[in-house]
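Q: To be precise about what I am sending: the file is called final-v1.tsv and holds TSV, C-alpha atoms and all ligand atoms.
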chain	number	residue	atom	x	y	z
V	1	MET	CA	-11.39	-86.23	-61.95
V	2	GLN	CA	-9.80	-82.80	-61.96
V	3	ASN	CA	-6.08	-82.63	-61.29
V	4	GLU	CA	-5.03	-81.02	-58.05
V	5	MET	CA	-2.98	-77.88	-58.70
V	6	ILE	CA	0.21	-77.11	-56.81
V	7	LEU	CA	1.59	-73.95	-58.41
V	8	GLU	CA	-0.19	-71.05	-59.98
V	9	THR	CA	0.73	-67.73	-61.50
V	10	ILE	CA	-1.83	-64.98	-61.91
V	11	SER	CA	-1.12	-62.33	-64.53
V	12	VAL	CA	2.59	-62.41	-63.85
V	13	THR	CA	4.79	-59.92	-65.67
V	14	LYS	CA	8.54	-59.54	-65.42
V	15	ASN	CA	10.38	-57.28	-67.82
V	16	TYR	CA	14.07	-56.55	-67.61
V	17	PHE	CA	14.98	-52.86	-67.38
V	18	GLY	CA	11.35	-52.01	-68.16
V	19	ASP	CA	11.72	-53.39	-71.68
V	20	LYS	CA	8.44	-55.12	-72.61
V	21	SER	CA	10.14	-57.21	-75.27
V	22	THR	CA	12.07	-59.09	-72.55
V	23	GLY	CA	10.97	-61.49	-69.83
V	24	ILE	CA	7.31	-62.52	-69.63
V	25	ASN	CA	4.03	-60.66	-69.89
V	26	ASN	CA	0.73	-61.30	-68.11
V	27	VAL	CA	1.22	-65.05	-67.71
V	28	THR	CA	-1.44	-67.07	-65.91
V	29	ILE	CA	-0.76	-70.77	-65.49
V	30	LEU	CA	-1.75	-73.72	-63.33
V	31	ILE	CA	0.74	-76.51	-62.65
V	32	PRO	CA	-0.83	-79.88	-61.78
V	33	LYS	CA	0.48	-81.77	-58.73
V	34	GLY	CA	2.46	-84.97	-59.27
V	35	LYS	CA	2.86	-84.43	-63.02
V	36	ILE	CA	5.58	-83.30	-65.39
V	37	THR	CA	4.88	-79.94	-66.98
V	38	ALA	CA	7.23	-78.75	-69.71
V	39	ILE	CA	7.65	-75.10	-70.63
V	40	VAL	CA	8.66	-74.86	-74.26
V	41	GLY	CA	9.38	-72.06	-76.68
V	42	GLU	CA	12.06	-70.58	-78.87
V	43	SER	CA	15.23	-69.11	-77.39
V	44	GLY	CA	14.46	-65.89	-75.51
V	45	SER	CA	10.73	-66.63	-75.16
V	46	GLY	CA	10.94	-66.34	-71.37
V	47	LYS	CA	11.15	-69.98	-70.21
V	48	THR	CA	13.91	-69.50	-67.65
V	49	THR	CA	12.32	-66.28	-66.43
V	50	LEU	CA	9.07	-68.13	-65.77
V	51	LEU	CA	10.90	-70.93	-63.95
V	52	ASN	CA	12.74	-68.42	-61.74
V	53	LEU	CA	9.47	-66.64	-60.98
V	54	LEU	CA	7.82	-69.92	-59.95
V	55	TYR	CA	10.73	-70.56	-57.62
V	56	GLY	CA	10.60	-67.09	-56.10
V	57	LEU	CA	14.09	-66.24	-57.27
V	58	ILE	CA	12.97	-63.09	-59.04
V	59	ARG	CA	10.17	-60.74	-58.13
V	60	PRO	CA	7.43	-60.12	-60.69
V	61	ASP	CA	6.76	-56.53	-61.73
V	62	ALA	CA	3.06	-57.37	-61.53
V	63	GLY	CA	0.95	-60.40	-60.65
V	64	GLU	CA	1.50	-63.12	-58.07
V	65	VAL	CA	2.84	-66.67	-57.79
V	66	PHE	CA	1.11	-69.15	-55.48
V	67	PHE	CA	2.32	-72.44	-54.06
V	68	LYS	CA	-0.62	-74.43	-52.68
V	69	GLU	CA	-2.66	-71.24	-52.67
V	70	GLU	CA	-0.10	-69.32	-50.60
V	71	ARG	CA	1.84	-66.50	-52.18
V	72	VAL	CA	5.45	-67.47	-52.89
V	73	LEU	CA	7.67	-65.10	-50.95
V	74	MET	CA	10.56	-63.54	-52.80
V	75	ARG	CA	14.15	-63.93	-51.68
V	76	GLU	CA	14.20	-60.41	-50.18
V	77	GLU	CA	11.19	-61.26	-48.03
V	78	LYS	CA	12.83	-64.11	-46.14
V	79	LEU	CA	16.19	-65.62	-45.29
V	80	GLN	CA	16.18	-68.65	-47.54
V	81	PRO	CA	16.38	-68.01	-51.25
V	82	ALA	CA	13.25	-69.30	-52.91
V	83	HIS	CA	10.65	-71.70	-51.55
V	84	GLU	CA	11.65	-74.46	-49.11
V	85	ALA	CA	9.31	-77.02	-50.71
V	86	MET	CA	10.89	-76.48	-54.15
V	87	ARG	CA	14.31	-77.07	-55.65
V	88	LEU	CA	15.71	-75.62	-58.86
V	89	VAL	CA	18.37	-77.39	-60.93
V	90	THR	CA	20.00	-74.99	-63.36
V	91	GLN	CA	21.94	-75.78	-66.52
V	92	SER	CA	25.27	-74.62	-65.19
V	93	ASN	CA	25.59	-76.63	-61.94
V	94	GLN	CA	27.25	-73.45	-60.69
V	95	ASP	CA	26.52	-74.05	-57.02
V	96	MET	CA	28.34	-77.40	-57.03
V	97	ASP	CA	31.84	-77.70	-55.52
V	98	LEU	CA	34.03	-79.41	-58.11
V	99	ASN	CA	36.37	-80.86	-55.46
V	100	ALA	CA	33.68	-82.29	-53.19
V	101	THR	CA	32.93	-85.98	-53.52
V	102	VAL	CA	29.60	-87.10	-54.90
V	103	TRP	CA	28.59	-88.16	-51.36
V	104	GLU	CA	29.47	-84.74	-49.91
V	105	SER	CA	27.80	-82.94	-52.81
V	106	VAL	CA	24.51	-84.71	-52.22
V	107	ARG	CA	24.84	-84.32	-48.44
V	108	SER	CA	25.14	-80.54	-48.87
V	109	GLY	CA	21.57	-80.56	-50.19
V	110	LEU	CA	20.23	-81.39	-46.73
V	111	ARG	CA	18.74	-78.30	-45.14
V	112	ASN	CA	18.28	-79.83	-41.70
V	113	ALA	CA	21.73	-80.08	-40.14
V	114	GLU	CA	20.35	-81.77	-37.00
V	115	LEU	CA	19.66	-85.17	-38.52
V	116	GLY	CA	21.20	-88.22	-36.82
V	117	LEU	CA	24.07	-89.90	-38.64
V	118	ALA	CA	22.03	-92.99	-39.54
V	119	THR	CA	19.14	-90.95	-40.97
V	120	GLU	CA	21.54	-88.78	-42.89
V	121	HIS	CA	23.33	-91.84	-44.29
V	122	LYS	CA	20.02	-93.37	-45.38
V	123	LYS	CA	18.82	-90.18	-47.07
V	124	ILE	CA	22.06	-89.78	-49.02
V	125	THR	CA	22.07	-93.46	-50.02
V	126	ASP	CA	18.41	-93.29	-51.11
V	127	SER	CA	18.99	-90.20	-53.24
V	128	LEU	CA	22.13	-91.60	-54.86
V	129	ASN	CA	20.36	-94.88	-55.52
V	130	MET	CA	17.33	-93.18	-56.99
V	131	LEU	CA	19.56	-91.51	-59.58
V	132	ASP	CA	21.74	-94.61	-59.96
V	133	VAL	CA	24.99	-92.88	-58.93
V	134	LEU	CA	25.80	-94.66	-55.65
V	135	PRO	CA	28.89	-96.39	-57.16
V	136	LEU	CA	30.33	-92.90	-57.84
V	137	LYS	CA	30.02	-91.75	-54.23
V	138	ASP	CA	33.78	-91.22	-53.65
V	139	MET	CA	34.47	-89.47	-56.98
V	140	PRO	CA	35.09	-85.71	-57.01
V	141	PHE	CA	32.14	-83.95	-58.66
V	142	GLY	CA	34.45	-82.16	-61.10
V	143	LYS	CA	35.68	-85.47	-62.56
V	144	LEU	CA	32.23	-86.71	-63.58
V	145	SER	CA	30.81	-86.74	-67.10
V	146	GLY	CA	28.08	-84.23	-68.02
V	147	GLY	CA	25.37	-86.86	-67.58
V	148	GLU	CA	26.73	-88.03	-64.22
V	149	LYS	CA	26.98	-84.44	-63.00
V	150	GLN	CA	23.35	-83.88	-63.90
V	151	ARG	CA	22.30	-87.02	-62.01
V	152	VAL	CA	24.24	-86.00	-58.91
V	153	THR	CA	22.83	-82.45	-59.03
V	154	ILE	CA	19.30	-83.86	-59.21
V	155	ALA	CA	20.10	-86.30	-56.36
V	156	LYS	CA	21.21	-83.30	-54.29
V	157	ALA	CA	18.00	-81.45	-55.13
V	158	LEU	CA	15.89	-84.46	-54.17
V	159	ILE	CA	17.55	-85.34	-50.88
V	160	SER	CA	15.23	-83.16	-48.82
V	161	LYS	CA	12.20	-84.57	-50.66
V	162	PRO	CA	10.96	-81.34	-52.23
V	163	GLU	CA	7.37	-81.21	-53.43
V	164	VAL	CA	8.37	-79.46	-56.64
V	165	LEU	CA	11.50	-79.97	-58.71
V	166	LEU	CA	12.23	-77.26	-61.28
V	167	LEU	CA	14.64	-78.30	-64.04
V	168	ASP	CA	16.17	-75.85	-66.50
V	169	GLU	CA	17.22	-77.73	-69.66
V	170	PRO	CA	17.96	-80.90	-67.66
V	171	PHE	CA	19.34	-82.93	-70.57
V	172	ASN	CA	21.53	-80.33	-72.22
V	173	GLN	CA	24.81	-81.76	-70.97
V	174	VAL	CA	23.66	-85.35	-71.18
V	175	ASP	CA	24.80	-87.67	-73.98
V	176	ALA	CA	21.99	-88.83	-76.23
V	177	THR	CA	22.64	-92.43	-75.10
V	178	TYR	CA	22.08	-91.57	-71.43
V	179	ARG	CA	19.19	-89.19	-71.98
V	180	GLU	CA	16.50	-91.81	-72.13
V	181	GLY	CA	17.75	-93.41	-68.92
V	182	LEU	CA	17.64	-90.11	-67.07
V	183	GLN	CA	14.21	-89.28	-68.50
V	184	HIS	CA	12.97	-92.67	-67.36
V	185	ASP	CA	14.41	-92.14	-63.87
V	186	ILE	CA	12.78	-88.72	-63.53
V	187	ARG	CA	9.44	-90.25	-64.51
V	188	TYR	CA	10.00	-92.97	-61.91
V	189	ILE	CA	10.78	-90.38	-59.22
V	190	VAL	CA	7.62	-88.46	-60.07
V	191	LYS	CA	5.60	-91.65	-59.71
V	192	GLU	CA	7.33	-93.08	-56.63
V	193	TRP	CA	7.87	-89.91	-54.62
V	194	GLY	CA	4.93	-87.91	-55.89
V	195	VAL	CA	7.21	-85.02	-56.86
V	196	THR	CA	5.87	-82.40	-59.25
V	197	VAL	CA	8.33	-81.55	-62.02
V	198	VAL	CA	8.36	-78.36	-64.07
V	199	LEU	CA	11.00	-78.40	-66.75
V	200	VAL	CA	12.21	-76.10	-69.44
V	201	SER	CA	13.32	-77.63	-72.69
V	202	HIS	CA	13.73	-76.91	-76.36
V	203	ASP	CA	14.11	-80.52	-77.51
V	204	PRO	CA	10.86	-81.96	-78.93
V	205	ALA	CA	11.99	-85.55	-78.43
V	206	GLU	CA	12.42	-85.20	-74.70
V	207	ILE	CA	9.37	-83.00	-74.16
V	208	LEU	CA	6.95	-85.23	-76.03
V	209	SER	CA	8.06	-88.44	-74.39
V	210	MET	CA	8.27	-87.07	-70.86
V	211	ALA	CA	5.73	-84.37	-70.22
V	212	ASP	CA	2.12	-84.73	-69.13
V	213	GLU	CA	1.40	-81.07	-69.90
V	214	LEU	CA	3.00	-78.54	-72.20
V	215	ILE	CA	3.01	-74.77	-71.91
V	216	VAL	CA	4.10	-73.00	-75.09
V	217	LEU	CA	5.70	-69.58	-74.65
V	218	LYS	CA	6.26	-67.07	-77.41
V	219	GLU	CA	7.72	-63.62	-76.85
V	220	GLY	CA	6.92	-63.83	-73.15
V	221	GLU	CA	3.31	-64.92	-73.55
V	222	ILE	CA	1.53	-68.27	-73.36
V	223	VAL	CA	0.22	-69.07	-76.80
V	224	GLU	CA	-0.94	-72.68	-76.34
V	225	ASN	CA	-1.10	-75.36	-73.70
V	226	GLY	CA	-2.30	-78.94	-73.47
V	227	SER	CA	-1.06	-82.52	-73.50
V	228	PRO	CA	1.85	-83.44	-75.81
V	229	GLU	CA	-0.55	-85.54	-77.92
V	230	GLU	CA	-3.03	-82.68	-78.34
V	231	LEU	CA	-0.43	-80.13	-79.27
V	232	TYR	CA	1.54	-82.43	-81.55
V	233	ASN	CA	-1.49	-83.83	-83.37
V	234	SER	CA	-3.52	-80.62	-83.59
V	235	PRO	CA	-1.35	-77.58	-83.07
V	236	LYS	CA	-3.32	-74.35	-83.36
V	237	LEU	CA	-0.23	-72.39	-84.25
V	238	LEU	CA	2.48	-72.79	-86.80
V	239	TYR	CA	4.90	-71.83	-84.03
V	240	THR	CA	3.85	-74.83	-81.90
V	241	ALA	CA	4.14	-77.21	-84.85
V	242	GLN	CA	7.64	-75.91	-85.54
V	243	ILE	CA	8.73	-76.35	-81.95
V	244	LEU	CA	7.33	-79.83	-81.43
V	245	ALA	CA	8.09	-81.54	-84.71
V	246	SER	CA	10.78	-81.74	-87.31
V	247	SER	CA	8.93	-80.12	-90.17
V	248	SER	CA	9.06	-78.15	-93.41
V	249	GLN	CA	7.20	-74.90	-93.98
V	250	LEU	CA	6.16	-73.98	-97.50
V	251	ASN	CA	4.67	-70.73	-98.69
V	252	LEU	CA	1.68	-70.74	-101.03
V	253	GLU	CA	3.79	-70.67	-104.16
V	254	ASP	CA	6.14	-73.50	-103.13
V	255	ALA	CA	3.23	-75.58	-101.88
V	256	LYS	CA	1.59	-75.24	-105.28
V	257	LYS	CA	4.84	-76.20	-107.06
V	258	VAL	CA	4.89	-79.56	-105.29
V	259	GLY	CA	1.20	-80.27	-105.71
V	260	VAL	CA	-0.10	-79.26	-102.27
V	261	LYS	CA	-3.23	-77.20	-102.81
V	262	THR	CA	-3.77	-74.51	-100.22
V	263	THR	CA	-5.32	-71.10	-100.20
V	264	ARG	CA	-4.74	-69.98	-96.67
V	265	GLY	CA	-1.08	-69.32	-96.02
V	266	THR	CA	1.88	-71.33	-94.77
V	267	VAL	CA	1.75	-75.09	-95.03
V	268	VAL	CA	3.54	-77.20	-92.45
V	269	ILE	CA	4.50	-80.76	-93.27
V	270	TYR	CA	5.87	-82.96	-90.50
V	271	ALA	CA	8.89	-85.01	-91.59
V	272	GLU	CA	7.17	-88.17	-90.40
V	273	HIS	CA	4.19	-87.51	-92.69
V	274	VAL	CA	6.24	-87.60	-95.88
V	275	LYS	CA	6.41	-91.08	-97.39
V	276	ILE	CA	9.03	-91.92	-100.00
V	277	THR	CA	9.77	-94.76	-102.39
V	278	LYS	CA	12.37	-95.34	-105.09
V	279	GLY	CA	10.88	-95.07	-108.51
V	280	PHE	CA	11.72	-94.72	-112.17
V	281	GLY	CA	11.16	-91.14	-113.36
V	282	ALA	CA	10.95	-89.89	-109.78
V	283	LYS	CA	11.27	-86.12	-109.51
V	284	TRP	CA	12.62	-85.63	-106.00
V	285	THR	CA	16.34	-85.84	-105.14
V	286	VAL	CA	17.90	-86.66	-101.77
V	287	LYS	CA	20.14	-83.69	-100.99
V	288	GLN	CA	21.26	-84.55	-97.47
V	289	VAL	CA	21.16	-87.53	-95.15
V	290	LEU	CA	21.23	-86.58	-91.47
V	291	PHE	CA	22.16	-89.26	-88.95
V	292	LYS	CA	19.64	-89.40	-86.10
V	293	GLY	CA	20.65	-92.62	-84.39
V	294	PHE	CA	18.13	-95.35	-85.13
V	295	TYR	CA	16.65	-93.37	-88.05
V	296	GLU	CA	17.72	-90.81	-90.64
V	297	GLU	CA	16.32	-87.46	-91.59
V	298	LEU	CA	16.53	-86.72	-95.29
V	299	ILE	CA	16.45	-83.32	-96.91
V	300	ILE	CA	14.89	-83.78	-100.34
V	301	GLU	CA	14.40	-81.29	-103.16
V	302	ARG	CA	12.26	-80.71	-106.22
V	303	ASP	CA	12.08	-77.45	-108.17
V	304	LYS	CA	14.03	-75.67	-105.39
V	305	VAL	CA	11.45	-76.74	-102.79
V	306	TYR	CA	12.94	-78.62	-99.85
V	307	LEU	CA	11.24	-81.11	-97.54
V	308	ARG	CA	12.39	-82.95	-94.44
V	309	VAL	CA	11.62	-86.66	-94.36
V	310	THR	CA	11.91	-89.19	-91.55
V	311	ASN	CA	13.44	-92.38	-92.93
V	312	HIS	CA	13.54	-95.58	-90.90
V	313	SER	CA	15.13	-97.67	-93.71
V	314	LYS	CA	18.64	-96.50	-92.96
V	315	GLY	CA	20.99	-96.43	-95.93
V	316	LYS	CA	18.23	-97.10	-98.46
V	317	TYR	CA	18.21	-93.57	-99.89
V	318	PRO	CA	21.80	-92.23	-100.16
V	319	LYS	CA	22.53	-88.67	-101.23
V	320	GLY	CA	21.61	-88.18	-104.90
V	321	SER	CA	18.87	-90.88	-104.92
V	322	LYS	CA	15.80	-90.16	-107.01
V	323	ILE	CA	12.59	-90.73	-105.12
V	324	THR	CA	8.81	-90.50	-105.31
V	325	VAL	CA	6.95	-88.65	-102.58
V	326	SER	CA	3.51	-88.73	-101.05
V	327	ILE	CA	2.33	-86.64	-98.15
V	328	GLU	CA	0.02	-88.23	-95.61
V	329	HIS	CA	-1.27	-84.93	-94.36
V	330	PHE	CA	-0.25	-81.38	-93.79
V	331	TYR	CA	-1.35	-78.39	-91.75
V	332	GLU	CA	-2.51	-75.12	-93.18
V	333	PHE	CA	-2.13	-72.02	-91.11
V	334	GLY	CA	-3.65	-68.73	-92.09
V	335	ARG	CA	-3.82	-65.86	-89.66
V	336	TRP	CA	-3.04	-68.30	-86.84
V	337	GLN	CA	-6.26	-70.23	-87.24
V	338	ALA	CA	-6.82	-73.86	-86.40
V	339	PRO	CA	-5.19	-76.29	-88.82
V	340	VAL	CA	-7.00	-78.26	-91.46
V	341	ARG	CA	-6.05	-81.89	-91.76
V	342	ASN	CA	-5.73	-83.12	-95.29
V	343	LEU	CA	-6.02	-86.48	-96.90
V	344	PRO	CA	-3.02	-88.23	-98.46
V	345	LYS	CA	-1.78	-86.58	-101.60
V	346	GLU	CA	0.08	-88.19	-104.44
V	347	MET	CA	2.55	-85.70	-105.75
V	348	ASP	CA	4.51	-87.41	-108.49
B	1	LIG	N1	18.93	-60.87	-66.22
B	1	LIG	C1	18.50	-60.38	-67.39
B	1	LIG	N2	18.73	-59.11	-67.74
B	1	LIG	C2	18.26	-58.61	-68.90
B	1	LIG	N3	17.53	-59.30	-69.81
B	1	LIG	C3	17.29	-60.60	-69.51
B	1	LIG	C4	17.75	-61.20	-68.30
B	1	LIG	N4	17.34	-62.49	-68.28
B	1	LIG	C5	16.66	-62.68	-69.43
B	1	LIG	N5	16.62	-61.55	-70.16
B	1	LIG	C6	15.96	-61.38	-71.46
B	1	LIG	O1	14.59	-61.79	-71.35
B	1	LIG	C7	14.19	-62.59	-72.46
B	1	LIG	C8	13.79	-63.97	-71.98
B	1	LIG	O2	14.91	-64.64	-71.45
B	1	LIG	P1	14.85	-66.11	-70.86
B	1	LIG	O3	16.23	-66.50	-70.43
B	1	LIG	O4	13.78	-66.18	-69.84
B	1	LIG	O5	14.40	-66.92	-72.16
B	1	LIG	P2	14.53	-68.47	-72.50
B	1	LIG	O6	13.28	-68.81	-73.23
B	1	LIG	O7	14.82	-69.24	-71.26
B	1	LIG	O8	15.78	-68.49	-73.47
B	1	LIG	P3	16.85	-69.67	-73.76
B	1	LIG	O9	16.08	-70.82	-74.36
B	1	LIG	O10	17.77	-69.03	-74.76
B	1	LIG	O11	17.51	-69.99	-72.45
B	1	LIG	C9	15.37	-62.59	-73.41
B	1	LIG	O12	15.16	-61.54	-74.33
B	1	LIG	C10	16.57	-62.29	-72.51
B	1	LIG	O13	17.58	-61.62	-73.23
Show me the file's structure as structure tokens.
A:
Amino acid sequence: MQNEMILETISVTKNYFGDKSTGINNVTILIPKGKITAIVGESGSGKTTLLNLLYGLIRPDAGEVFFKEERVLMREEKLQPAHEAMRLVTQSNQDMDLNATVWESVRSGLRNAELGLATEHKKITDSLNMLDVLPLKDMPFGKLSGGEKQRVTIAKALISKPEVLLLDEPFNQVDATYREGLQHDIRYIVKEWGVTVVLVSHDPAEILSMADELIVLKEGEIVENGSPEELYNSPKLLYTAQILASSSQLNLEDAKKVGVKTTRGTVVIYAEHVKITKGFGAKWTVKQVLFKGFYEELIIERDKVYLRVTNHSKGKYPKGSKITVSIEHFYEFGRWQAPVRNLPKEMD
């Protein structure tokens, strides 16, 4: 069954000060209803601009944005900023009053001031509960941790049950330990309340585990889109592979040095596809051990060629260890063509 679409842009362009290298260019996208769509791309690729255009905060130079097939009116065209069925949560929490209590902060998200006290109380309680911050209700917003602030800001955005929630880097201020909890809660909200989420993120871990759909932006244009699995397992572009996975890129010469035979151009090797063992006469050296929580990322070197490796046996390969390497597969990219999957290669 085809997904129902809720938001759409048709050939939308927005350049700042007429400079075509800024903003976004000729972007056409469809956002499915009741799903999580993530907009990803390097810094400056136009992610926030696209989010603001979807919300009606900024006017496109060309093209149109539609919410349920109706054109989204811009803030100059009506009294309310942006669309009443959508809410945007920005990175800065700049519209939050630091001295207001959590309860008051969430209450200020109600647009209908005429609600009875009991209804209002229930709505605030429901929103706070949904984000698991009810016990903080009497705390001033300014005294909360980054993660708690983010939860309260989302609770405020959700109190009037918007159809679309737009999140700009929602986990930036959130401790790694609390990230998963918040990601899980957002997924739950999408499922329980049927909210559509569009989020902007640059962190592969959160995008891949959360999103149903990915839109990849590069220099203001969409270069790929699809499910996280599709784009992670078969990226068409080197750029996408670099954004979604911890990886190493080798040029033809370096690839040859380490035994990877390619004729087409850059080779990308995902860290998780490099397998290592300790071995006598091994030619690779562990140069760095990066702590990643429940696993490590190693930077290893041979003949001045460096590779990233995911290592789940923490502590087994300290800095300076000599190791043997095999690569399960790698991607070849030449003139931005589709990748070629390769069979395991023994390199030592
Ligand atoms: N208000 C503005 N005035 C002028 N240029 C802007 C403005 N907002 C964004 N830009 C420029 O447009 C381009 C895209 O910016 P945008 O913030 O949309 O990118 P982004 O992908 O969200 O970046 P980041 O990940 O760093 O937040 C950048 O070159 C940026 O400098």
Q: Between V:Trp284, V:Tyr16, V:Tyr306, V:Tyr270, single out the one closest to ligand LIG 1 (chain B), counting all atoms listed in the file.
A: V:Tyr16
Q: For ligand LIG 1 (chain B), return the neighbouring residues as a PDB file with C-alpha atoms, in the coordinates of the input (distance at most 12 Å; all atoms listed in the file).
A:
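Wrote part-v9.pdb, looks like this:
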ATOM      1  CA  THR V  13       4.790 -59.920 -65.670  1.00  0.00           C
ATOM      2  CA  LYS V  14       8.540 -59.540 -65.420  1.00  0.00           C
ATOM      3  CA  ASN V  15      10.380 -57.280 -67.820  1.00  0.00           C
ATOM      4  CA  TYR V  16      14.070 -56.550 -67.610  1.00  0.00           C
ATOM      5  CA  PHE V  17      14.980 -52.860 -67.380  1.00  0.00           C
ATOM      6  CA  GLY V  18      11.350 -52.010 -68.160  1.00  0.00           C
ATOM      7  CA  ASP V  19      11.720 -53.390 -71.680  1.00  0.00           C
ATOM      8  CA  LYS V  20       8.440 -55.120 -72.610  1.00  0.00           C
ATOM      9  CA  SER V  21      10.140 -57.210 -75.270  1.00  0.00           C
ATOM     10  CA  THR V  22      12.070 -59.090 -72.550  1.00  0.00           C
ATOM     11  CA  GLY V  23      10.970 -61.490 -69.830  1.00  0.00           C
ATOM     12  CA  ILE V  24       7.310 -62.520 -69.630  1.00  0.00           C
ATOM     13  CA  ASN V  25       4.030 -60.660 -69.890  1.00  0.00           C
ATOM     14  CA  ILE V  39       7.650 -75.100 -70.630  1.00  0.00           C
ATOM     15  CA  VAL V  40       8.660 -74.860 -74.260  1.00  0.00           C
ATOM     16  CA  GLY V  41       9.380 -72.060 -76.680  1.00  0.00           C
ATOM     17  CA  GLU V  42      12.060 -70.580 -78.870  1.00  0.00           C
ATOM     18  CA  SER V  43      15.230 -69.110 -77.390  1.00  0.00           C
ATOM     19  CA  GLY V  44      14.460 -65.890 -75.510  1.00  0.00           C
ATOM     20  CA  SER V  45      10.730 -66.630 -75.160  1.00  0.00           C
ATOM     21  CA  GLY V  46      10.940 -66.340 -71.370  1.00  0.00           C
ATOM     22  CA  LYS V  47      11.150 -69.980 -70.210  1.00  0.00           C
ATOM     23  CA  THR V  48      13.910 -69.500 -67.650  1.00  0.00           C
ATOM     24  CA  THR V  49      12.320 -66.280 -66.430  1.00  0.00           C
ATOM     25  CA  LEU V  50       9.070 -68.130 -65.770  1.00  0.00           C
ATOM     26  CA  LEU V  51      10.900 -70.930 -63.950  1.00  0.00           C
ATOM     27  CA  ASN V  52      12.740 -68.420 -61.740  1.00  0.00           C
ATOM     28  CA  LEU V  53       9.470 -66.640 -60.980  1.00  0.00           C
ATOM     29  CA  LEU V  57      14.090 -66.240 -57.270  1.00  0.00           C
ATOM     30  CA  ILE V  58      12.970 -63.090 -59.040  1.00  0.00           C
ATOM     31  CA  ARG V  59      10.170 -60.740 -58.130  1.00  0.00           C
ATOM     32  CA  THR V  90      20.000 -74.990 -63.360  1.00  0.00           C
ATOM     33  CA  GLN V  91      21.940 -75.780 -66.520  1.00  0.00           C
ATOM     34  CA  SER V  92      25.270 -74.620 -65.190  1.00  0.00           C
ATOM     35  CA  LEU V 167      14.640 -78.300 -64.040  1.00  0.00           C
ATOM     36  CA  ASP V 168      16.170 -75.850 -66.500  1.00  0.00           C
ATOM     37  CA  GLU V 169      17.220 -77.730 -69.660  1.00  0.00           C
ATOM     38  CA  PRO V 170      17.960 -80.900 -67.660  1.00  0.00           C
ATOM     39  CA  ASN V 172      21.530 -80.330 -72.220  1.00  0.00           C
ATOM     40  CA  LEU V 199      11.000 -78.400 -66.750  1.00  0.00           C
ATOM     41  CA  VAL V 200      12.210 -76.100 -69.440  1.00  0.00           C
ATOM     42  CA  SER V 201      13.320 -77.630 -72.690  1.00  0.00           C
ATOM     43  CA  HIS V 202      13.730 -76.910 -76.360  1.00  0.00           C
ATOM     44  CA  ASP V 203      14.110 -80.520 -77.510  1.00  0.00           C
ATOM     45  CA  ILE V 215       3.010 -74.770 -71.910  1.00  0.00           C
ATOM     46  CA  VAL V 216       4.100 -73.000 -75.090  1.00  0.00           C
ATOM     47  CA  LEU V 217       5.700 -69.580 -74.650  1.00  0.00           C
ATOM     48  CA  LYS V 218       6.260 -67.070 -77.410  1.00  0.00           C
ATOM     49  CA  GLU V 219       7.720 -63.620 -76.850  1.00  0.00           C
ATOM     50  CA  GLY V 220       6.920 -63.830 -73.150  1.00  0.00           C
ATOM     51  CA  GLU V 221       3.310 -64.920 -73.550  1.00  0.00           C
ATOM     52  CA  ILE V 222       1.530 -68.270 -73.360  1.00  0.00           C
ATOM     53  CA  ILE V 243       8.730 -76.350 -81.950  1.00  0.00           C
TER      54      ILE V 243
END
Q: For range 152-159 of chain V, find every residue with an atom within 6 Å (counting only C-alpha atoms), except residues of its own chain fewer than 6 positions away, and show them as a PyMOL selection string.
A: chain V and resi 87+106+109+127-128
Q: Would you mind listing what lies within 7 Å of Phe67 in chain V as a PyMOL selection string, with all atoms listed in the file counted and same-chain residues fewer than 2 positions away left out?
A: chain V and resi 6-8+65+69-72
Q: So how many Å separate CA of Lys319 in chain V and CA of Glu272 in chain V, to one decimal?
A: 18.8 Å
Q: Met139 in chain V: which residues within 8 Å, counting all atoms listed in the file, same-chain residues fewer than 4 positions away excluded, as a list in words?
A: Thr101, Val102, Lys143 and Leu144 of chain V
Q: Name the closest residue to Asp97 in chain V among the candidates V:Lys68, V:Leu208, V:Leu214, V:Phe141; distances are taken between atoms, counting all atoms listed in the file.
A: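 Nearest to Asp97 in chain V: V:Phe141.
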Q: Nearest to Leu73 in chain V among V:Tyr55, V:Asp61, V:Ala282, V:Lys316, with distances taken over only C-alpha atoms: which residue is it?
A: V:Tyr55
Q: Could you pull the residues within 10 Å of Ile269 in chain V, counting all atoms listed in the file, minus those fewer than 6 positions along the same chain, as an MDAnalysis selection string?
A: chainID V and resid 241:242 245:250 307:309 327:332
Q: Quote the spacing between CA of Ser108 in chain V and CA of Leu166 in chain V in Å to one decimal place.
A: 18.2 Å
